[in-house]
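Working notes, structure below.
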Amino acid sequence: FAQEAGSVKVSTGEDLRVYPVLWHQLSPEYMALCYQAFNVAQSNLEKELQDKECCEKLAIVTDIDETVLDNSYSEARNIAEGKSYNFKDWTAWIDEASATAIPGAVDFLRWAESKGVTVFYISNRTPRDIPGTVKNLKNLNFPFADEEHMLFLADGSTKEPRREKVAENYKIVMLLGDNLNDFAACFEVKDNQKRRDATVDMRQEWGRRFIVIPNVIYGEWEKGIYDYKSGLSSEDKAIVRKGKLKVNP
């Protein structure tokens, strides 16, 4: 059947992934939010640099996927070919090194480099993905695009030990990410209400030390909708989604 959504009829038979990918790829609002995030980041970092202590080594920690690299093309291919996300196609996409830059990312990170700030890329891409990632970042003129500054998935998906490793030698002045797991361990494997509570607890950090890049294509928030239950059918997921809608404040 079709459900009214404003003036648009949305068929339940249509792939739900089409809308977020189109918003990501085509909407100027998405671009504006990205530029806004990096403008705020530069303004805040300028203030941090003014207060820098002598000889203090500063670093930015950034995620890669949907934070500095746009992989929406990979998801669009899956939709066009009727596929779900799969590891084989994902690694082939990484090796292709064709991702484009998130609007504003290159300019901001190159500006940070010019101010003496080191950039570390902490990603849950795997170590086998480093060559393709380095090639992609270099092609787009990102700074610090080398293996030394890539901390990829090794002993578990949590990024906290890798952030701590950077903090051994640098003061981390800013973190960039599209997923709250990119900022602190307290967001990991929690239902969305607990993640929302933690977001409120850290409300002074957003737009200051923590810079969030919008991503509606995928993320931890989606797993939270299903309470991290795996193996749910499409029908079961649809029931859960509808049940989670808030029709009253």
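Residues in the structure tokens are named by chain (A, B, ... in the order shown) and by number from 1 within that chain; ligands are numbered from 1 in the order shown.
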Exercise: Thr67 of chain A partners within 12 Å, only C-alpha atoms, chain neighbours under 4 positions left out, as an mmCIF file with N, CA and C atoms, in the first residue's frame:
```cif
data_model
loop_
_atom_site.group_PDB
_atom_site.id
_atom_site.type_symbol
_atom_site.label_atom_id
_atom_site.label_comp_id
_atom_site.auth_asym_id
_atom_site.auth_seq_id
_atom_site.Cartn_x
_atom_site.Cartn_y
_atom_site.Cartn_z
ATOM 1 N N LEU A 33 25.224 22.295 5.876
ATOM 2 C CA LEU A 33 25.521 21.778 7.214
ATOM 3 C C LEU A 33 26.986 21.372 7.337
ATOM 4 N N CYS A 34 27.548 20.790 6.282
ATOM 5 C CA CYS A 34 28.962 20.409 6.311
ATOM 6 C C CYS A 34 29.853 21.643 6.381
ATOM 7 N N TYR A 35 29.593 22.624 5.517
ATOM 8 C CA TYR A 35 30.383 23.856 5.569
ATOM 9 C C TYR A 35 30.245 24.531 6.934
ATOM 10 N N ALA A 37 29.698 23.103 9.808
ATOM 11 C CA ALA A 37 30.466 22.348 10.791
ATOM 12 C C ALA A 37 31.949 22.702 10.723
ATOM 13 N N PHE A 38 32.501 22.775 9.522
ATOM 14 C CA PHE A 38 33.930 23.057 9.396
ATOM 15 C C PHE A 38 34.240 24.533 9.652
ATOM 16 N N VAL A 61 41.632 14.589 15.887
ATOM 17 C CA VAL A 61 41.290 13.202 15.586
ATOM 18 C C VAL A 61 40.026 13.219 14.747
ATOM 19 N N THR A 62 40.082 12.595 13.594
ATOM 20 C CA THR A 62 38.905 12.566 12.722
ATOM 21 C C THR A 62 38.597 11.158 12.247
ATOM 22 N N ASP A 63 37.319 10.872 12.153
ATOM 23 C CA ASP A 63 36.839 9.685 11.466
ATOM 24 C C ASP A 63 37.052 9.912 9.962
ATOM 25 N N ASN A 71 31.135 8.375 0.759
ATOM 26 C CA ASN A 71 30.987 7.056 0.152
ATOM 27 C C ASN A 71 29.562 6.778 -0.307
ATOM 28 N N SER A 72 28.761 7.811 -0.463
ATOM 29 C CA SER A 72 27.356 7.600 -0.825
ATOM 30 C C SER A 72 27.204 6.878 -2.157
ATOM 31 N N ALA A 99 36.161 7.778 -3.618
ATOM 32 C CA ALA A 99 35.324 8.626 -2.770
ATOM 33 C C ALA A 99 35.702 10.092 -2.955
ATOM 34 N N THR A 100 34.724 10.967 -2.862
ATOM 35 C CA THR A 100 34.975 12.402 -2.947
ATOM 36 C C THR A 100 35.065 12.983 -1.536
ATOM 37 N N ALA A 101 35.481 14.225 -1.461
ATOM 38 C CA ALA A 101 35.653 14.865 -0.148
ATOM 39 C C ALA A 101 34.334 15.439 0.350
ATOM 40 N N ILE A 102 34.096 15.323 1.646
ATOM 41 C CA ILE A 102 32.963 15.992 2.267
ATOM 42 C C ILE A 102 33.186 17.505 2.133
ATOM 43 N N PRO A 103 32.154 18.272 1.771
ATOM 44 C CA PRO A 103 32.329 19.716 1.582
ATOM 45 C C PRO A 103 32.981 20.401 2.796
ATOM 46 N N GLY A 104 34.073 21.090 2.537
ATOM 47 C CA GLY A 104 34.758 21.841 3.575
ATOM 48 C C GLY A 104 35.862 21.091 4.290
ATOM 49 N N ALA A 105 35.933 19.762 4.129
ATOM 50 C CA ALA A 105 36.874 18.963 4.913
ATOM 51 C C ALA A 105 38.330 19.233 4.543
ATOM 52 N N VAL A 106 38.626 19.238 3.243
ATOM 53 C CA VAL A 106 40.022 19.431 2.821
ATOM 54 C C VAL A 106 40.529 20.798 3.252
ATOM 55 N N LEU A 109 41.157 20.905 7.149
ATOM 56 C CA LEU A 109 42.292 20.126 7.645
ATOM 57 C C LEU A 109 43.621 20.654 7.110
ATOM 58 N N TYR A 121 43.759 10.016 11.595
ATOM 59 C CA TYR A 121 42.532 9.427 11.058
ATOM 60 C C TYR A 121 42.251 8.124 11.800
ATOM 61 N N ILE A 122 41.258 8.128 12.655
ATOM 62 C CA ILE A 122 40.875 6.922 13.391
ATOM 63 C C ILE A 122 39.602 6.373 12.762
ATOM 64 N N SER A 123 39.731 5.208 12.153
ATOM 65 C CA SER A 123 38.632 4.642 11.373
ATOM 66 C C SER A 123 38.480 3.159 11.676
ATOM 67 N N LEU A 175 37.700 16.680 17.903
ATOM 68 C CA LEU A 175 37.350 15.403 17.293
ATOM 69 C C LEU A 175 36.246 15.639 16.274
ATOM 70 N N LEU A 176 36.376 14.995 15.115
ATOM 71 C CA LEU A 176 35.391 15.112 14.039
ATOM 72 C C LEU A 176 34.792 13.744 13.764
ATOM 73 N N GLY A 177 33.468 13.689 13.585
ATOM 74 C CA GLY A 177 32.842 12.407 13.284
ATOM 75 C C GLY A 177 31.404 12.559 12.843
ATOM 76 N N ASP A 178 30.862 11.480 12.275
ATOM 77 C CA ASP A 178 29.450 11.455 11.888
ATOM 78 C C ASP A 178 28.653 10.539 12.801
ATOM 79 N N ASN A 179 29.339 9.871 13.702
ATOM 80 C CA ASN A 179 28.752 8.892 14.611
ATOM 81 C C ASN A 179 29.237 9.243 16.013
ATOM 82 N N LEU A 180 28.365 9.221 16.995
ATOM 83 C CA LEU A 180 28.779 9.619 18.335
ATOM 84 C C LEU A 180 29.847 8.702 18.913
ATOM 85 N N ASP A 182 32.450 8.157 17.527
ATOM 86 C CA ASP A 182 33.704 8.797 17.143
ATOM 87 C C ASP A 182 34.226 9.746 18.214
ATOM 88 N N ILE A 211 32.838 18.063 16.805
ATOM 89 C CA ILE A 211 32.208 18.573 15.587
ATOM 90 C C ILE A 211 31.561 17.405 14.848
ATOM 91 N N VAL A 212 30.231 17.468 14.693
ATOM 92 C CA VAL A 212 29.480 16.374 14.086
ATOM 93 C C VAL A 212 29.124 16.713 12.635
ATOM 94 N N ILE A 213 29.403 15.771 11.737
ATOM 95 C CA ILE A 213 29.045 15.899 10.330
ATOM 96 C C ILE A 213 27.768 15.088 10.098
ATOM 97 N N PRO A 214 26.764 15.646 9.419
ATOM 98 C CA PRO A 214 25.497 14.924 9.250
ATOM 99 C C PRO A 214 25.632 13.676 8.380
ATOM 100 N N ASN A 215 24.947 12.618 8.793
ATOM 101 C CA ASN A 215 24.909 11.379 8.021
ATOM 102 C C ASN A 215 23.602 10.669 8.326
ATOM 103 N N GLY A 219 24.372 4.461 10.450
ATOM 104 C CA GLY A 219 25.024 4.869 11.684
ATOM 105 C C GLY A 219 24.549 4.067 12.885
#
```
query: Excluding same-chain residues fewer than 2 positions from segment 233-239 of chain A, what lies within 12 Å of it counting only C-alpha atoms, as a list of chain:residue names?
result: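 Returned residues: A:Thr12, A:Gly13, A:Asp15, A:Leu16, A:Ser84, A:Glu222, A:Lys223, A:Gly224, A:Ile225, A:Tyr226, A:Asp227, A:Tyr228, A:Lys229, A:Ser230, A:Gly231, A:Arg241, A:Lys242, A:Gly243, A:Lys244, A:Leu245.
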Could you write out that same residue set with N, CA and C atoms as a short mmCIF file (atom, residue, chain, number, x, y, z; two decimals), in the first residue's frame?
```
data_model
loop_
_atom_site.label_atom_id
_atom_site.label_comp_id
_atom_site.auth_asym_id
_atom_site.auth_seq_id
_atom_site.Cartn_x
_atom_site.Cartn_y
_atom_site.Cartn_z
N THR A 12 5.52 1.49 0.19
CA THR A 12 6.31 0.66 1.08
C THR A 12 7.17 -0.32 0.30
N GLY A 13 6.90 -0.48 -0.99
CA GLY A 13 7.72 -1.36 -1.81
C GLY A 13 8.99 -0.71 -2.29
N ASP A 15 12.66 1.07 -2.04
CA ASP A 15 13.82 0.93 -1.17
C ASP A 15 13.94 2.17 -0.28
N LEU A 16 13.87 1.98 1.02
CA LEU A 16 13.92 3.10 1.96
C LEU A 16 15.24 3.84 1.92
N SER A 84 22.36 -5.49 -0.65
CA SER A 84 22.57 -4.92 0.68
C SER A 84 24.06 -4.68 0.85
N GLU A 222 20.85 3.83 13.89
CA GLU A 222 19.96 2.86 13.26
C GLU A 222 19.97 1.54 14.03
N LYS A 223 21.15 1.11 14.46
CA LYS A 223 21.23 -0.11 15.28
C LYS A 223 20.43 0.08 16.57
N GLY A 224 20.49 1.30 17.11
CA GLY A 224 19.78 1.59 18.34
C GLY A 224 18.27 1.47 18.19
N ILE A 225 17.75 1.76 17.01
CA ILE A 225 16.31 1.62 16.77
C ILE A 225 15.87 0.19 17.04
N TYR A 226 16.70 -0.77 16.61
CA TYR A 226 16.36 -2.19 16.74
C TYR A 226 16.96 -2.81 18.00
N ASP A 227 17.44 -1.95 18.93
CA ASP A 227 18.01 -2.43 20.19
C ASP A 227 19.12 -3.45 19.96
N TYR A 228 19.87 -3.24 18.88
CA TYR A 228 21.04 -4.06 18.54
C TYR A 228 20.68 -5.53 18.29
N LYS A 229 19.43 -5.79 17.95
CA LYS A 229 19.03 -7.16 17.62
C LYS A 229 19.37 -7.45 16.16
N SER A 230 20.05 -8.55 15.93
CA SER A 230 20.43 -8.92 14.57
C SER A 230 19.45 -9.97 14.04
N GLY A 231 19.42 -10.12 12.73
CA GLY A 231 18.61 -11.15 12.12
C GLY A 231 17.14 -10.82 11.97
N ARG A 241 10.18 0.04 13.62
CA ARG A 241 10.29 1.46 13.27
C ARG A 241 8.99 2.19 13.55
N LYS A 242 7.90 1.61 13.11
CA LYS A 242 6.60 2.25 13.32
C LYS A 242 6.30 2.37 14.80
N GLY A 243 6.67 1.35 15.56
CA GLY A 243 6.42 1.36 16.99
C GLY A 243 7.25 2.39 17.74
N LYS A 244 8.37 2.79 17.16
CA LYS A 244 9.25 3.78 17.81
C LYS A 244 8.86 5.23 17.50
N LEU A 245 7.93 5.41 16.56
CA LEU A 245 7.50 6.77 16.22
C LEU A 245 6.84 7.44 17.43
#
```
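If you measure from each of A:Lys115, A:Lys246, A:Arg128, A:Arg163 to Leu45 of chain A using only C-alpha atoms, the closest one turns out to be A:Lys115.
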message: Show me, as a PyMOL selection string, the residues that have an atom within 12 Å of Met202 of chain A when counting only C-alpha atoms, minus same-chain residues fewer than 5 positions from it.
response: chain A and resi 180+183-184+186-187+195-197+207-210
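Looking only at segment 123-221 of chain A, the set that DSSP places in strand (DSSP E or B) from backbone geometry is A:Met150, A:Leu151, A:Lys171, A:Ile172, A:Val173, A:Met174, A:Leu175, A:Leu176, A:Gly177, A:Trp206, A:Phe210, A:Ile211, A:Val212.
Between atom CA of Ile217 of chain A and atom CA of Met150 of chain A the interatomic distance comes to 24.1 Å.
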- line: Nearest to Ala80 of chain A, restricted to only C-alpha atoms and choosing among A:Trp206, A:Val18, A:Phe144, A:Pro161, comes out as A:Val18
message: If I take atom CA of Cys55 of chain A and atom CA of Tyr170 of chain A, how far is one from the other in Å, to one decimal?
response: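 Those two atoms sit 10.8 Å apart.
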Coordinates-based distance that separates atom CA of Ala59 of chain A from atom CA of Glu96 of chain A (Å, one decimal): 28.8 Å
